[in-house]
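Peer 1: Supplied in structure tokens, the structure appears directly below.
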Amino acid sequence: MRHLRALCAIADHGSVHKAARQLGVTQPSLTTQLGRIERALGGRLFTRERTGSRPTPFGLSVLSRARPIVAEMSALISEARDALGVGGGSRLRIGSTGNRAVPGWLRRLHARLPETDTTIRIDVSPSALLQMVADRQLDVAFVHEVAGCPLQVPEGLEQRVLMEREPQFVALPTTHPAARKEEVSLIDLAEDRWMIDPNVDGEWAGLRRVFTAAGLRLQVAHGDYLAGADLVAAGEVVAPAQPTSRARPGLVIRPLAGDPLTVRLVMATRLPLPDAPEGGTDFDAVFADLQDAYREVAWGSPSYRQWLAHHDSPLLHVPAA
């Protein structure tokens, strides 16, 4: 099963690197594992191209058999746990893309559901998390959707919208000439290289769309945002930032004039079955906890709080806990 899940992950993400991140393993170990699988099956499953990994005809044949097996195994485990009384309200599996509201969300869930085994999985790919909810590997996912780059939402999921339009700010070095401004325009950053994580669904395409609309050329450096923060502080790049992000030594967070880059924040769960028994997880309450946690971090960011007040956001109408 571990081998079959690895093959499906490589096919779904289009690269060994992205699949390794989703599976929580290193790229070299997954590459080695793929080699063992191919030797065991007697044929090449993927072609390695400059843009990623593509299934061979033999690989497509294997994947067509592997996917239903993986899905059935996931369903079997979930149903078995439910039958033993360890599912439902006693277990809550959460997935999320990186967001500063997550710690406060978990804190509220633990306080309200002390007897529930609540776990968290962080992944940079919203699409991967949504698919995990559809496959019953997660119960709920908190994800973002870049404006103009809609996510492919699997069937059978219900979405609750936390923020229909969250502005994306920019992280830039304190030495940058625009750092002295309260609001930064794209033209101020036209000569800068932007750090983009290519594994974040829609982020590269969304930023490219914004720059094209402004008649500007986008210069990109690929990487992940953990390393990106250090590169920003060193004056090498600028990067998109959540409006709740905190400044750090050598780095400031500033709003973008006109809010050209925005995302939609949603919480996704599976639709309840018509014959589902009463009880189970109250996802409305789970969503309310998320709203409170998000409001808390939004209030903690002076620049974002100012943006919310300017746009008369509902987040300001209820005091943070």
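Chain identifiers are assigned as A, B, and so on, following the order in which chains appear in the structure tokens; residues are numbered from 1 within each chain, and ligands are numbered from 1 in order of appearance.
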I need the strand (DSSP E) residues of stretch 242-287 of chain A per DSSP on the backbone, written as a ChimeraX atom specification.
Peer 2: /A:251-254,262-270
Peer 1: May I have the residues within 9 Å of A:Thr119 as a list in words, using only C-alpha atoms and disregarding those fewer than 6 positions away in the same chain?
Peer 2: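 Near neighbours after the sequence-gap exclusion: Arg91, Leu92, Arg93, Ile94, Gly95 and Leu106 of chain A.
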Peer 1: Between atom CA of A:Phe142 and atom CA of A:Arg160, what is the distance, to one decimal in Å?
Peer 2: 9.5 Å
Peer 1: Would you work out the distance separating atom CA of A:Met132 from atom CA of A:Thr47, expressed in Å to one decimal?
Peer 2: 25.7 Å
Peer 1: Neighbouring residues of A:Met1 were defined as those with any atom within 10 Å, considering only C-alpha atoms; residues of the same chain fewer than 4 positions away were excluded. Please report them as a PyMOL selection string.
Peer 2: chain A and resi 5-7+66+69-70+73
